Amino acid sequence: MTTVGRAFSVILAAVLLAGCATAAQRQYQAMASNNRAAGQDLQACVIAVYDSPEFAPLRAHFALPPERPTLQQLSDNSRATDGEVRLILDVHPRIQACRQQALDRVTQSTPSLAAILATLYAKSDDSLILLIRKKQSWAEHTRQVRDLAVEGRSELTAEAQRITSELQQSHEAELARRQAAAQAATDALAQYAQTQAIIANMNRPVNCLTTDLGRFQSTTCR
C-alpha cells in the first residue's frame, strides 16, 4: 500500500471509530439532561407551593423532603381538622400540576421511570385521601409517604441502572461494528493497492538488448 493509501486508511478508521458519539451515548446524554432538568423543575415547583402563604398552616405536618420527617411529625397522632382538610384540597391541585409537568417531561425520554413516579404519586394520594377522610392520623400519613419516598427512590435507582446497562451494551456493540467496518475498509484499501501494483507491473515497458557474440546472439530484456 502506498504512503497515501496507508494514511487514508488510518484516517478512515479514525472517522469510523471516533468520528461521532454512538447512538447509545446520544440517547443517554439526552435522557440524563432531560431528567435532570425535570427533577430540578419539580423540586422548585414543590418548594414554591410549600413556602407559599397558603401552605403555612400545613407546613408543620408535611416533611420536605418527604423521606426525612421530624420526630414530631412521626409522632403526631392527631387527625386533620376540617380547616386543614379544606387547605389540603385547595393546595393539592398545585402540587398535582408540579407532578404532572415532571411526568410529561420524563415520559418523553424514559417512560419506565415515569411509570414508577406515577405509581408513587398515586399511592401517596391514596394515603392523603385516608387523611382527608380522617381514617388515619398525621403520623400514619407521614410514615406512609416516607416509606413510599424511600421505596420509590430505590425503584428509580434500580431502573436507571438497568437502562444504563442496556445503553452500555448497545454502545459497545456499535463500537464493535465500527471496528469491523474500519478493518474491512483497511483490508479493502490494501487489496486495491496490491491490485494496482500488479497492473502497474504488467503495463511496464520491456526494454531488450541484443548482444552479438559472433555465431551467437544474447538478448536481455528488462
# chains A, B, ... in the order shown; residues from 1 in each chain; ligands from 1
>>> select_by_dssp(residues="region 27-159 of chain A", states="helix (DSSP H, G or I)", output="VMD selection string")
chain A and resid 27 to 50 53 to 61 71 to 74 82 to 109 111 to 132 138 to 159
>>> residues_around(residues="Thr110 (chain A)", least_positions_apart="3", cutoff="12 Å", atoms="only C-alpha atoms", output="PyMOL selection string")
chain A and resi 27-28+30-36+38+102-107+113-117+156+159-160+162-164
>>> closest_residue(among="A:Ala149, A:Ala139, A:Leu74, A:Ile198", to="Thr119 (chain A)", atoms="only C-alpha atoms")
A:Ala149
>>> closest_residue(among="A:Gln169, A:Gln100, A:Gln179, A:Thr81", to="Arg133 (chain A)", atoms="only C-alpha atoms")
A:Thr81
>>> closest_atom_pairs(of="region 36-106 of chain A", to="region 134-137 of chain A", cutoff="9 Å", atoms="only C-alpha atoms", output="JSON lines")
{"residue": "A:Asp76", "atom": "CA", "partner": "A:Ser137", "partner_atom": "CA", "distance": 7.3}
{"residue": "A:Asn77", "atom": "CA", "partner": "A:Ser137", "partner_atom": "CA", "distance": 5.2}
{"residue": "A:Ser78", "atom": "CA", "partner": "A:Ser137", "partner_atom": "CA", "distance": 5.5}
{"residue": "A:Arg79", "atom": "CA", "partner": "A:Ser137", "partner_atom": "CA", "distance": 4.7}
{"residue": "A:Ala80", "atom": "CA", "partner": "A:Lys134", "partner_atom": "CA", "distance": 6.4}
{"residue": "A:Thr81", "atom": "CA", "partner": "A:Lys134", "partner_atom": "CA", "distance": 8.4}
>>> residues_around(residues="region 65-68 of chain A", least_positions_apart="3", cutoff="8 Å", atoms="only C-alpha atoms", output="PyMOL selection string")
chain A and resi 62+142+145-147+149-150
>>> atom_distance(atom1="CA of Gln168 (chain A)", atom2="CA of Arg26 (chain A)")
11.6 Å
>>> residues_around(residues="Val91 (chain A)", least_positions_apart="2", cutoff="8 Å", atoms="only C-alpha atoms", output="VMD selection string")
chain A and resid 49 54 to 55 87 to 89 93 to 95
>>> write_last_selection(atoms="N, CA and C atoms", output="compact mmCIF listing (two decimals), in the first residue's frame")
# COMPACT_ATOMS: atom_id res chain seq x y z
N VAL A 49 -44.72 25.93 46.28
CA VAL A 49 -46.01 25.69 46.92
C VAL A 49 -45.83 25.56 48.43
N GLU A 54 -50.32 30.27 51.58
CA GLU A 54 -51.47 29.39 51.70
C GLU A 54 -51.13 28.07 52.39
N PHE A 55 -49.88 27.64 52.22
CA PHE A 55 -49.47 26.34 52.77
C PHE A 55 -48.97 26.45 54.21
N LEU A 87 -57.75 23.27 53.37
CA LEU A 87 -56.47 23.78 52.85
C LEU A 87 -55.79 22.73 51.96
N ILE A 88 -55.82 21.48 52.37
CA ILE A 88 -55.22 20.39 51.57
C ILE A 88 -55.89 20.34 50.20
N LEU A 89 -57.22 20.40 50.21
CA LEU A 89 -57.97 20.33 48.95
C LEU A 89 -57.69 21.55 48.07
N PRO A 93 -54.17 20.71 44.05
CA PRO A 93 -54.08 20.87 42.60
C PRO A 93 -52.77 21.51 42.15
N ARG A 94 -52.20 22.37 42.96
CA ARG A 94 -50.92 22.99 42.60
C ARG A 94 -49.79 21.97 42.67
N ILE A 95 -49.83 21.11 43.69
CA ILE A 95 -48.84 20.04 43.79
C ILE A 95 -49.00 19.07 42.63
>>> closest_residue(among="A:Gln29, A:Gln144, A:Ser165, A:Leu131", to="Asp82 (chain A)", atoms="only C-alpha atoms")
A:Leu131
>>> closest_residue(among="A:Ala56, A:Ile199, A:Leu148, A:Ala37", to="Ala118 (chain A)", atoms="only C-alpha atoms")
A:Leu148
>>> decode(residues="region 54-118 of chain A", atoms="C-alpha atoms", output="tab-separated table (two decimals), in the first residue's frame")
chain	number	residue	atom	x	y	z
A	54	GLU	CA	-51.47	29.39	51.70
A	55	PHE	CA	-49.47	26.34	52.77
A	56	ALA	CA	-48.16	27.86	56.01
A	57	PRO	CA	-50.81	26.29	58.31
A	58	LEU	CA	-49.96	22.84	56.90
A	59	ARG	CA	-46.19	23.15	56.87
A	60	ALA	CA	-45.72	21.59	60.29
A	61	HIS	CA	-47.44	18.41	59.13
A	62	PHE	CA	-45.62	17.79	55.83
A	63	ALA	CA	-41.94	16.86	55.60
A	64	LEU	CA	-39.80	18.21	52.79
A	65	PRO	CA	-38.11	16.14	51.55
A	66	PRO	CA	-40.75	13.54	52.43
A	67	GLU	CA	-38.22	10.82	53.28
A	68	ARG	CA	-36.85	12.91	56.19
A	69	PRO	CA	-39.73	13.74	58.54
A	70	THR	CA	-39.11	15.05	62.04
A	71	LEU	CA	-39.82	13.06	65.18
A	72	GLN	CA	-42.67	15.44	65.94
A	73	GLN	CA	-44.26	14.67	62.57
A	74	LEU	CA	-43.80	10.94	63.06
A	75	SER	CA	-45.42	11.04	66.50
A	76	ASP	CA	-48.35	13.36	65.70
A	77	ASN	CA	-51.37	11.14	66.29
A	78	SER	CA	-53.91	13.91	65.75
A	79	ARG	CA	-56.36	13.86	62.86
A	80	ALA	CA	-56.69	16.57	60.27
A	81	THR	CA	-59.16	19.29	61.22
A	82	ASP	CA	-61.88	20.47	58.88
A	83	GLY	CA	-59.88	23.63	58.22
A	84	GLU	CA	-56.74	21.63	57.37
A	85	VAL	CA	-58.74	19.39	55.05
A	86	ARG	CA	-60.01	22.44	53.16
A	87	LEU	CA	-56.47	23.78	52.85
A	88	ILE	CA	-55.22	20.39	51.57
A	89	LEU	CA	-57.97	20.33	48.95
A	90	ASP	CA	-57.14	23.90	47.91
A	91	VAL	CA	-53.38	23.35	47.63
A	92	HIS	CA	-53.29	19.83	46.22
A	93	PRO	CA	-54.08	20.87	42.60
A	94	ARG	CA	-50.92	22.99	42.60
A	95	ILE	CA	-48.84	20.04	43.79
A	96	GLN	CA	-50.50	17.84	41.21
A	97	ALA	CA	-49.62	20.35	38.48
A	98	CYS	CA	-45.95	20.16	39.55
A	99	ARG	CA	-46.06	16.38	39.37
A	100	GLN	CA	-47.80	16.28	36.01
A	101	GLN	CA	-45.28	18.63	34.45
A	102	ALA	CA	-42.46	16.37	35.64
A	103	LEU	CA	-44.24	13.22	34.46
A	104	ASP	CA	-44.82	14.69	30.99
A	105	ARG	CA	-41.14	15.54	30.61
A	106	VAL	CA	-39.77	12.25	31.97
A	107	THR	CA	-42.20	10.26	29.81
A	108	GLN	CA	-40.59	11.75	26.70
A	109	SER	CA	-37.21	10.20	27.45
A	110	THR	CA	-37.71	7.38	29.96
A	111	PRO	CA	-41.31	6.11	30.16
A	112	SER	CA	-40.36	3.37	32.62
A	113	LEU	CA	-39.15	5.95	35.15
A	114	ALA	CA	-42.31	7.98	34.62
A	115	ALA	CA	-44.39	4.88	35.37
A	116	ILE	CA	-42.61	4.41	38.70
A	117	LEU	CA	-43.20	8.07	39.58
A	118	ALA	CA	-46.87	7.88	38.62
